[in-house]
file work_8.cif (mmCIF, C-alpha atoms)
data_my_file
#
loop_
_atom_site.label_atom_id
_atom_site.label_comp_id
_atom_site.auth_asym_id
_atom_site.auth_seq_id
_atom_site.Cartn_x
_atom_site.Cartn_y
_atom_site.Cartn_z
CA MET A 1 116.52 17.95 119.14
CA GLN A 2 116.30 17.59 122.90
CA ARG A 3 114.16 20.01 124.88
CA PRO A 4 116.21 22.93 126.26
CA ARG A 5 116.64 22.80 130.04
CA ALA A 6 116.75 25.79 132.39
CA LEU A 7 117.37 26.57 136.06
CA LEU A 8 115.81 29.64 137.71
CA ALA A 9 117.30 31.28 140.80
CA ASP A 10 115.73 34.20 142.68
CA ASP A 11 115.33 34.77 146.42
CA GLU A 12 111.85 36.27 145.96
CA PRO A 13 109.31 33.41 145.57
CA HIS A 14 106.71 35.57 143.81
CA LEU A 15 109.16 36.80 141.19
CA LEU A 16 110.43 33.26 140.72
CA ARG A 17 106.90 32.06 139.92
CA VAL A 18 106.30 34.99 137.57
CA LEU A 19 109.54 34.30 135.69
CA GLN A 20 108.69 30.63 135.37
CA ASP A 21 105.15 31.34 134.13
CA ARG A 22 106.31 33.94 131.58
CA LEU A 23 109.06 31.72 130.24
CA LEU A 24 106.71 28.80 129.73
CA GLU A 25 104.26 31.09 127.93
CA LEU A 26 106.94 32.32 125.54
CA TRP A 27 108.85 29.04 125.24
CA PRO A 28 106.50 26.06 125.77
CA GLU A 29 109.16 23.48 124.91
CA LEU A 30 111.47 24.79 127.65
CA GLU A 31 111.93 22.38 130.57
CA ILE A 32 112.44 24.03 133.98
CA VAL A 33 114.64 21.52 135.78
CA ALA A 34 115.02 23.44 139.07
CA THR A 35 113.91 26.62 140.85
CA VAL A 36 115.98 27.76 143.84
CA GLN A 37 116.06 30.77 146.17
CA HIS A 38 119.67 30.75 147.40
CA GLY A 39 122.99 31.29 145.63
CA LEU A 40 124.63 28.20 147.10
CA ALA A 41 121.69 26.04 146.00
CA ALA A 42 121.92 27.53 142.51
CA ALA A 43 125.62 26.68 142.26
CA GLU A 44 125.02 23.14 143.53
CA GLN A 45 122.14 22.44 141.16
CA ILE A 46 123.93 23.87 138.11
CA GLY A 47 126.88 21.60 138.80
CA LEU A 48 124.59 18.60 139.29
CA LEU A 49 122.06 19.15 136.48
CA GLN A 50 124.18 20.99 133.87
CA PRO A 51 121.19 22.94 132.45
CA ASP A 52 121.45 24.66 129.09
CA ILE A 53 120.45 28.00 130.65
CA ALA A 54 120.61 29.53 134.14
CA PHE A 55 118.50 32.60 134.99
CA LEU A 56 120.31 34.09 137.99
CA ASP A 57 119.14 36.91 140.25
CA ILE A 58 122.17 39.13 140.87
CA GLN A 59 121.41 39.75 144.56
CA MET A 60 120.86 36.45 146.39
CA PRO A 61 121.85 35.23 149.87
CA GLY A 62 124.85 32.95 150.14
CA LEU A 63 126.30 33.80 146.74
CA THR A 64 125.39 36.54 144.29
CA GLY A 65 124.37 35.62 140.77
CA LEU A 66 127.76 36.86 139.58
CA GLU A 67 129.57 34.57 142.00
CA VAL A 68 127.42 31.61 140.96
CA ALA A 69 128.20 32.32 137.30
CA GLN A 70 131.89 32.57 138.08
CA GLY A 71 131.93 28.95 139.20
CA ILE A 72 130.07 27.49 136.21
CA GLU A 73 131.79 24.74 134.26
CA GLY A 74 130.47 23.47 130.97
CA ALA A 75 128.09 25.00 128.43
CA THR A 76 125.41 26.52 130.70
CA ARG A 77 124.47 29.96 129.35
CA VAL A 78 123.69 32.73 131.83
CA VAL A 79 120.89 35.29 131.96
CA PHE A 80 121.13 37.72 134.87
CA VAL A 81 117.96 39.05 136.49
CA THR A 82 118.27 42.43 138.19
CA ALA A 83 116.09 45.17 139.65
CA TYR A 84 118.62 47.93 139.04
CA ASP A 85 119.13 49.72 135.74
CA GLU A 86 122.75 50.48 136.59
CA HIS A 87 123.44 46.76 136.47
CA ALA A 88 122.42 46.65 132.80
CA LEU A 89 125.92 47.43 131.59
CA SER A 90 127.16 47.06 128.05
CA ALA A 91 129.12 43.97 129.06
CA PHE A 92 125.81 42.12 129.43
CA GLU A 93 125.28 42.43 125.69
CA HIS A 94 128.11 39.98 125.12
CA GLU A 95 127.16 36.72 123.41
CA ALA A 96 127.96 34.75 126.58
CA VAL A 97 125.38 36.49 128.80
CA ASP A 98 122.13 38.42 128.71
CA TYR A 99 119.99 40.22 131.29
CA VAL A 100 116.37 41.00 132.10
CA LEU A 101 115.15 43.73 134.42
CA LYS A 102 112.63 43.55 137.25
CA PRO A 103 109.72 44.01 137.03
CA LEU A 104 109.68 41.63 134.07
CA LYS A 105 108.53 43.05 130.76
CA ILE A 106 107.22 40.48 128.33
CA GLU A 107 108.77 42.25 125.32
CA ARG A 108 112.27 42.21 126.83
CA LEU A 109 111.94 38.60 127.94
CA GLN A 110 110.85 37.69 124.41
CA LEU A 111 114.10 39.16 123.06
CA THR A 112 116.07 37.06 125.52
CA VAL A 113 114.16 33.91 124.59
CA ASP A 114 114.73 34.59 120.87
CA ARG A 115 118.46 35.04 121.46
CA LEU A 116 118.69 31.84 123.48
CA ARG A 117 116.80 29.87 120.86
CA ARG A 118 119.15 31.06 118.11
CA THR A 119 122.23 30.33 120.19
CA LEU A 120 121.14 26.82 121.15
CA ALA A 121 120.21 26.08 117.53
CA ASN A 122 123.64 27.27 116.36
CA HIS A 123 125.36 25.08 118.93
CA SER A 124 123.33 22.09 117.76
CA ALA A 125 124.46 22.79 114.19
CA VAL A 126 128.09 22.93 115.32
CA ALA A 127 127.68 19.60 117.09
CA VAL A 128 126.26 18.01 113.92
CA ASN A 129 129.12 19.39 111.83
CA ALA A 130 131.61 18.17 114.41
CA SER A 131 130.26 14.65 114.03
CA ASP A 132 131.07 14.94 110.29
CA GLY A 133 134.55 16.23 111.01
CA ASN A 134 133.77 19.71 109.65
CA ALA A 135 133.64 21.81 112.82
CA ALA A 136 137.24 22.96 113.14
CA SER A 137 136.78 26.21 111.24
CA ILE A 138 133.43 27.23 112.73
CA VAL A 139 133.62 26.37 116.44
CA PRO A 140 133.45 29.74 118.27
CA LEU A 141 135.39 30.77 121.35
CA SER A 142 134.02 28.68 124.23
CA ASP A 143 131.10 30.15 126.19
CA ALA A 144 132.95 29.43 129.42
CA THR A 145 135.88 31.58 128.34
CA GLN A 146 133.57 34.36 127.14
CA LEU A 147 131.63 34.28 130.39
CA ALA A 148 134.82 34.48 132.46
CA LYS A 149 135.96 37.57 130.54
CA VAL A 150 132.61 39.31 130.98
CA LEU A 151 132.50 38.53 134.70
CA ALA A 152 136.00 39.93 135.11
CA GLN A 153 134.56 43.26 133.91
CA LEU A 154 131.37 43.07 135.93
CA MET A 155 132.55 41.84 139.31
CA PRO A 156 134.43 45.00 140.39
CA ARG A 157 131.49 47.22 139.33
CA ILE A 158 128.58 45.26 140.73
CA ALA A 159 129.62 42.81 143.43
CA SER A 160 129.13 44.14 146.95
CA PRO A 161 132.46 44.49 148.75
CA GLN A 162 132.91 42.10 151.67
CA PRO A 163 135.61 42.02 154.33
CA THR A 164 138.38 39.65 153.35
CA LEU A 165 139.41 36.74 155.53
CA ARG A 166 142.71 37.01 157.38
CA HIS A 167 142.63 33.59 159.05
CA LEU A 168 140.93 30.25 158.58
CA ARG A 169 139.96 27.88 161.37
CA ALA A 170 140.66 24.33 160.22
CA SER A 171 140.86 20.90 161.80
CA ARG A 172 143.40 18.10 161.88
CA GLY A 173 142.02 15.25 163.91
CA SER A 174 140.55 16.63 167.12
CA ILE A 175 142.62 19.86 167.07
CA THR A 176 141.45 23.12 165.48
CA TYR A 177 144.17 25.37 164.09
CA VAL A 178 144.14 29.06 163.13
CA ILE A 179 145.84 29.45 159.74
CA PRO A 180 146.93 32.83 158.34
CA VAL A 181 145.59 33.01 154.78
CA GLU A 182 149.02 34.05 153.44
CA ASP A 183 150.30 30.58 154.41
CA ILE A 184 147.74 28.80 152.22
CA LEU A 185 149.01 27.31 148.94
CA PHE A 186 145.61 26.30 147.61
CA LEU A 187 142.10 25.17 148.56
CA GLN A 188 140.43 22.20 146.88
CA SER A 189 136.95 20.69 147.12
CA ASP A 190 136.91 17.28 148.78
CA GLU A 191 133.32 15.97 148.70
CA LYS A 192 131.61 17.52 151.76
CA TYR A 193 134.72 19.40 152.86
CA THR A 194 137.36 21.76 151.49
CA LEU A 195 141.01 20.78 151.68
CA VAL A 196 143.30 23.58 152.86
CA ARG A 197 146.93 23.00 151.86
CA THR A 198 149.92 24.78 153.36
CA VAL A 199 153.58 23.87 152.86
CA GLU A 200 153.64 21.83 156.06
CA HIS A 201 150.15 20.36 156.42
CA GLU A 202 146.70 19.61 155.03
CA TYR A 203 143.52 20.60 156.86
CA LEU A 204 139.78 20.13 156.32
CA ILE A 205 137.11 22.78 156.71
CA ARG A 206 133.35 22.67 156.15
CA SER A 207 133.09 25.92 154.16
CA SER A 208 132.60 25.39 150.43
CA ILE A 209 134.94 26.68 147.74
CA MET A 210 132.28 29.15 146.59
CA GLU A 211 131.76 30.53 150.09
CA LEU A 212 135.52 31.03 150.47
CA ALA A 213 135.91 32.61 147.03
CA SER A 214 133.66 35.50 148.08
CA GLN A 215 135.66 36.12 151.28
CA LEU A 216 139.28 35.89 150.12
CA ASP A 217 141.30 38.72 148.57
CA PRO A 218 140.85 38.29 144.79
CA GLN A 219 144.24 39.90 144.16
CA CYS A 220 145.96 36.93 145.82
CA PHE A 221 143.45 34.10 145.61
CA TRP A 222 142.44 33.05 142.11
CA GLN A 223 139.78 30.49 141.33
CA VAL A 224 141.28 28.32 138.58
CA HIS A 225 138.73 25.52 138.56
CA ARG A 226 135.24 24.97 139.92
CA GLY A 227 136.83 23.14 142.83
CA ILE A 228 140.22 24.86 143.20
CA ILE A 229 141.42 28.25 144.47
CA ILE A 230 145.16 29.02 144.48
CA ASN A 231 147.22 31.60 146.32
CA VAL A 232 149.03 33.15 143.36
CA ASP A 233 151.83 34.34 145.65
CA HIS A 234 152.86 30.67 145.94
CA LEU A 235 152.60 29.86 142.22
CA LEU A 236 155.88 28.36 140.99
CA SER A 237 155.27 27.45 137.34
CA THR A 238 152.72 26.56 134.66
CA ARG A 239 152.74 23.71 132.14
CA ARG A 240 150.69 22.93 129.03
CA ASP A 241 150.31 19.37 127.81
CA ASP A 242 149.96 18.20 124.20
CA ASN A 243 146.21 18.91 124.29
CA ALA A 244 146.77 22.53 125.46
CA ARG A 245 145.47 21.77 128.95
CA LEU A 246 147.08 23.95 131.61
CA TYR A 247 148.55 22.72 134.91
CA LEU A 248 150.02 24.64 137.86
CA GLN A 249 152.92 23.82 140.16
CA MET A 250 152.75 25.41 143.62
CA ARG A 251 155.82 26.04 145.80
CA GLY A 252 156.19 23.38 148.46
CA HIS A 253 153.75 20.97 146.78
CA ASP A 254 154.76 18.05 144.57
CA GLY A 255 151.55 17.54 142.60
CA GLU A 256 150.04 19.65 139.81
CA LEU A 257 146.69 21.45 139.80
CA PRO A 258 144.51 21.59 136.66
CA VAL A 259 143.15 24.87 135.27
CA SER A 260 139.73 24.66 133.63
CA ARG A 261 139.20 26.32 130.26
CA ALA A 262 137.07 29.09 131.79
CA TYR A 263 140.11 30.41 133.69
CA MET A 264 142.97 29.76 131.26
CA HIS A 265 142.91 33.36 130.00
CA MET A 266 144.17 34.51 133.44
CA PHE A 267 147.58 32.97 132.69
CA LYS A 268 148.15 34.28 129.16
CA ALA A 269 150.60 36.92 130.41
CA MET A 270 152.67 34.29 132.27
#

call {"tool": "encode", "arguments": {"input": "work_8.cif", "output": "structure tokens"}}
result
Amino acid sequence: MQRPRALLADDEPHLLRVLQDRLLELWPELEIVATVQHGLAAAEQIGLLQPDIAFLDIQMPGLTGLEVAQGIEGATRVVFVTAYDEHALSAFEHEAVDYVLKPLKIERLQLTVDRLRRTLANHSAVAVNASDGNAASIVPLSDATQLAKVLAQLMPRIASPQPTLRHLRASRGSITYVIPVEDILFLQSDEKYTLVRTVEHEYLIRSSIMELASQLDPQCFWQVHRGIIINVDHLLSTRRDDNARLYLQMRGHDGELPVSRAYMHMFKAM
């Protein structure tokens, strides 16, 4: 079995070192692949490294731990780190997530480590069975889907409210335009930039998808993929292919946009 891999994110360097030291005491075989102090760096490194586990401080600059978790694709499991008891809600006890409180208590961290060890071992067993063609009846609901459901409960209770954007400043060539957000069909990551699509034009901006997700009205703008946010007011139709993958058609746009499995539950009522 490969060594489990973890990323640690906390904006307090001392607490980051303490968490790393305690984890390695309790779980010597754990490999710490990255330690970061900023939410945007955490999101970037999770996407790049795909660790098995991400320990995320809830309150970080750039993006909160909740916002970082919201953008996770793949099988990375999340443990939230928080200094506030009121954040330790029952939703954290879901199989997709766990939490530890600051200051760290070795007994509570041991429980988290034990849970993670069991979960990773179970997933390894599923993978072995899948290779024998026997996994169909025992594969659980995907962690990404579970995490998305838990975050949907937690975000309104915990995330700090921020003023929503009313306009975006975006460039086409040498000209900068002011775009009302209600005119936007969707936003899509494009390497170092974000593509802003309206019915008439495409624009490029330097803000990342994750930065924009925290500033747009969540009632209208839905993240449907790690690199895509749609304006649901411009959603025309949905389509599922033979493999149950979901695609969206936006008004005034010829192409289709994919929905990742972590966000498919948002369209069940449609």

call {"tool": "atom_distance", "arguments": {"input": "work_8.cif", "atom1": "CA of Leu66 (chain A)", "atom2": "CA of Pro180 (chain A)"}}
result
27.1 Å

call {"tool": "atom_distance", "arguments": {"input": "work_8.cif", "atom1": "CA of Gly65 (chain A)", "atom2": "CA of Lys102 (chain A)"}}
result
14.6 Å

call {"tool": "resolve_selection", "arguments": {"input": "work_8.cif", "expression": "the PyMOL selection byres ((chain A and resi 193) around 10)", "output": "JSON, numbers by chain"}}
result
{"A": [188, 189, 190, 191, 192, 194, 195, 196, 203, 204, 205, 206, 207, 208, 209]}

call {"tool": "resolve_selection", "arguments": {"input": "work_8.cif", "expression": "the PyMOL selection byres ((chain A and resi 6) around 12)", "output": "mmCIF file with C-alpha atoms, keeping the file's coordinate frame"}}
result
data_model
loop_
_atom_site.group_PDB
_atom_site.id
_atom_site.type_symbol
_atom_site.label_atom_id
_atom_site.label_comp_id
_atom_site.auth_asym_id
_atom_site.auth_seq_id
_atom_site.Cartn_x
_atom_site.Cartn_y
_atom_site.Cartn_z
ATOM 1 C CA ARG A 3 114.160 20.010 124.880
ATOM 2 C CA PRO A 4 116.210 22.930 126.260
ATOM 3 C CA ARG A 5 116.640 22.800 130.040
ATOM 4 C CA LEU A 7 117.370 26.570 136.060
ATOM 5 C CA LEU A 8 115.810 29.640 137.710
ATOM 6 C CA ALA A 9 117.300 31.280 140.800
ATOM 7 C CA LEU A 19 109.540 34.300 135.690
ATOM 8 C CA GLN A 20 108.690 30.630 135.370
ATOM 9 C CA LEU A 23 109.060 31.720 130.240
ATOM 10 C CA LEU A 24 106.710 28.800 129.730
ATOM 11 C CA TRP A 27 108.850 29.040 125.240
ATOM 12 C CA GLU A 29 109.160 23.480 124.910
ATOM 13 C CA LEU A 30 111.470 24.790 127.650
ATOM 14 C CA GLU A 31 111.930 22.380 130.570
ATOM 15 C CA ILE A 32 112.440 24.030 133.980
ATOM 16 C CA VAL A 33 114.640 21.520 135.780
ATOM 17 C CA ALA A 34 115.020 23.440 139.070
ATOM 18 C CA THR A 35 113.910 26.620 140.850
ATOM 19 C CA VAL A 36 115.980 27.760 143.840
ATOM 20 C CA ALA A 42 121.920 27.530 142.510
ATOM 21 C CA GLN A 45 122.140 22.440 141.160
ATOM 22 C CA ILE A 46 123.930 23.870 138.110
ATOM 23 C CA LEU A 49 122.060 19.150 136.480
ATOM 24 C CA GLN A 50 124.180 20.990 133.870
ATOM 25 C CA PRO A 51 121.190 22.940 132.450
ATOM 26 C CA ASP A 52 121.450 24.660 129.090
ATOM 27 C CA ILE A 53 120.450 28.000 130.650
ATOM 28 C CA ALA A 54 120.610 29.530 134.140
ATOM 29 C CA PHE A 55 118.500 32.600 134.990
ATOM 30 C CA LEU A 56 120.310 34.090 137.990
ATOM 31 C CA THR A 76 125.410 26.520 130.700
ATOM 32 C CA ARG A 77 124.470 29.960 129.350
ATOM 33 C CA VAL A 78 123.690 32.730 131.830
ATOM 34 C CA VAL A 79 120.890 35.290 131.960
ATOM 35 C CA VAL A 113 114.160 33.910 124.590
ATOM 36 C CA LEU A 116 118.690 31.840 123.480
#

call {"tool": "resolve_selection", "arguments": {"input": "work_8.cif", "expression": "the PyMOL selection byres ((chain A and resi 199-202) around 10)", "output": "list in words"}}
result
Ala170, Ser171, Arg172, Asp183, Ile184, Leu185, Phe186, Leu187, Leu195, Val196, Arg197, Thr198, Tyr203, Leu204, His234, Met250, Arg251, Gly252 and His253 of chain A

call {"tool": "residues_near_point", "arguments": {"input": "work_8.cif", "point": "(139.8, 36.5, 157.4)", "cutoff": "12 Å", "atoms": "only C-alpha atoms", "output": "ChimeraX atom specification"}}
result
/A:162-169,178-182,212-217

call {"tool": "write_last_selection", "arguments": {"input": "work_8.cif", "atoms": "C-alpha atoms", "output": "mmCIF file, in the coordinates of the input"}}
result
data_model
loop_
_atom_site.group_PDB
_atom_site.id
_atom_site.type_symbol
_atom_site.label_atom_id
_atom_site.label_comp_id
_atom_site.auth_asym_id
_atom_site.auth_seq_id
_atom_site.Cartn_x
_atom_site.Cartn_y
_atom_site.Cartn_z
ATOM 1 C CA GLN A 162 132.910 42.100 151.670
ATOM 2 C CA PRO A 163 135.610 42.020 154.330
ATOM 3 C CA THR A 164 138.380 39.650 153.350
ATOM 4 C CA LEU A 165 139.410 36.740 155.530
ATOM 5 C CA ARG A 166 142.710 37.010 157.380
ATOM 6 C CA HIS A 167 142.630 33.590 159.050
ATOM 7 C CA LEU A 168 140.930 30.250 158.580
ATOM 8 C CA ARG A 169 139.960 27.880 161.370
ATOM 9 C CA VAL A 178 144.140 29.060 163.130
ATOM 10 C CA ILE A 179 145.840 29.450 159.740
ATOM 11 C CA PRO A 180 146.930 32.830 158.340
ATOM 12 C CA VAL A 181 145.590 33.010 154.780
ATOM 13 C CA GLU A 182 149.020 34.050 153.440
ATOM 14 C CA LEU A 212 135.520 31.030 150.470
ATOM 15 C CA ALA A 213 135.910 32.610 147.030
ATOM 16 C CA SER A 214 133.660 35.500 148.080
ATOM 17 C CA GLN A 215 135.660 36.120 151.280
ATOM 18 C CA LEU A 216 139.280 35.890 150.120
ATOM 19 C CA ASP A 217 141.300 38.720 148.570
#

call {"tool": "atom_distance", "arguments": {"input": "work_8.cif", "atom1": "CA of Asp254 (chain A)", "atom2": "CA of Asn231 (chain A)"}}
result
15.6 Å

call {"tool": "build_atoms", "arguments": {"input": "work_8.cif", "residues": "region 204-227 of chain A", "atoms": "N, CA, C and O atoms", "output": "tab-separated table (two decimals), in the frame of the given file"}}
result
chain	number	residue	atom	x	y	z
A	204	LEU	N	141.13	20.20	156.88
A	204	LEU	CA	139.78	20.13	156.32
A	204	LEU	C	138.89	21.16	157.00
A	204	LEU	O	138.93	21.30	158.23
A	205	ILE	N	138.10	21.85	156.19
A	205	ILE	CA	137.11	22.78	156.71
A	205	ILE	C	135.77	22.50	156.04
A	205	ILE	O	135.71	21.92	154.96
A	206	ARG	N	134.69	22.94	156.67
A	206	ARG	CA	133.35	22.67	156.15
A	206	ARG	C	132.87	23.72	155.16
A	206	ARG	O	131.91	23.49	154.43
A	207	SER	N	133.49	24.89	155.11
A	207	SER	CA	133.09	25.92	154.16
A	207	SER	C	133.35	25.45	152.74
A	207	SER	O	134.35	24.79	152.46
A	208	SER	N	132.43	25.79	151.83
A	208	SER	CA	132.60	25.39	150.43
A	208	SER	C	133.57	26.32	149.71
A	208	SER	O	133.85	27.44	150.16
A	209	ILE	N	134.06	25.86	148.57
A	209	ILE	CA	134.94	26.68	147.74
A	209	ILE	C	134.26	27.99	147.37
A	209	ILE	O	134.88	29.06	147.39
A	210	MET	N	132.98	27.93	147.03
A	210	MET	CA	132.28	29.15	146.59
A	210	MET	C	132.10	30.13	147.73
A	210	MET	O	132.18	31.34	147.53
A	211	GLU	N	131.85	29.64	148.93
A	211	GLU	CA	131.76	30.53	150.09
A	211	GLU	C	133.10	31.23	150.32
A	211	GLU	O	133.16	32.43	150.57
A	212	LEU	N	134.19	30.48	150.23
A	212	LEU	CA	135.52	31.03	150.47
A	212	LEU	C	135.91	32.02	149.38
A	212	LEU	O	136.56	33.03	149.66
A	213	ALA	N	135.53	31.74	148.14
A	213	ALA	CA	135.91	32.61	147.03
A	213	ALA	C	135.40	34.03	147.24
A	213	ALA	O	136.05	35.00	146.84
A	214	SER	N	134.24	34.17	147.87
A	214	SER	CA	133.66	35.50	148.08
A	214	SER	C	134.27	36.22	149.27
A	214	SER	O	134.00	37.41	149.48
A	215	GLN	N	135.11	35.53	150.07
A	215	GLN	CA	135.66	36.12	151.28
A	215	GLN	C	137.17	36.34	151.23
A	215	GLN	O	137.73	37.01	152.09
A	216	LEU	N	137.82	35.77	150.22
A	216	LEU	CA	139.28	35.89	150.12
A	216	LEU	C	139.64	37.04	149.19
A	216	LEU	O	138.88	37.40	148.28
A	217	ASP	N	140.82	37.61	149.38
A	217	ASP	CA	141.30	38.72	148.57
A	217	ASP	C	141.51	38.25	147.13
A	217	ASP	O	142.38	37.41	146.87
A	218	PRO	N	140.73	38.77	146.17
A	218	PRO	CA	140.85	38.29	144.79
A	218	PRO	C	142.17	38.65	144.12
A	218	PRO	O	142.51	38.08	143.09
A	219	GLN	N	142.93	39.58	144.70
A	219	GLN	CA	144.24	39.90	144.16
A	219	GLN	C	145.24	38.77	144.39
A	219	GLN	O	146.17	38.58	143.60
A	220	CYS	N	145.03	38.02	145.47
A	220	CYS	CA	145.96	36.93	145.82
A	220	CYS	C	145.38	35.55	145.55
A	220	CYS	O	146.13	34.64	145.18
A	221	PHE	N	144.07	35.41	145.74
A	221	PHE	CA	143.45	34.10	145.61
A	221	PHE	C	142.63	34.03	144.33
A	221	PHE	O	141.64	34.75	144.17
A	222	TRP	N	143.08	33.19	143.42
A	222	TRP	CA	142.44	33.05	142.11
A	222	TRP	C	141.73	31.71	142.03
A	222	TRP	O	142.31	30.66	142.34
A	223	GLN	N	140.47	31.75	141.62
A	223	GLN	CA	139.78	30.49	141.33
A	223	GLN	C	140.22	30.05	139.94
A	223	GLN	O	140.11	30.78	138.96
A	224	VAL	N	140.75	28.82	139.85
A	224	VAL	CA	141.28	28.32	138.58
A	224	VAL	C	140.50	27.12	138.09
A	224	VAL	O	140.76	26.59	137.00
A	225	HIS	N	139.54	26.69	138.87
A	225	HIS	CA	138.73	25.52	138.56
A	225	HIS	C	137.51	25.61	139.46
A	225	HIS	O	137.54	26.29	140.49
A	226	ARG	N	136.43	24.93	139.08
A	226	ARG	CA	135.24	24.97	139.92
A	226	ARG	C	135.55	24.53	141.34
A	226	ARG	O	134.95	25.02	142.30
A	227	GLY	N	136.52	23.65	141.51
A	227	GLY	CA	136.83	23.14	142.83
A	227	GLY	C	138.20	23.50	143.37
A	227	GLY	O	138.66	22.90	144.33
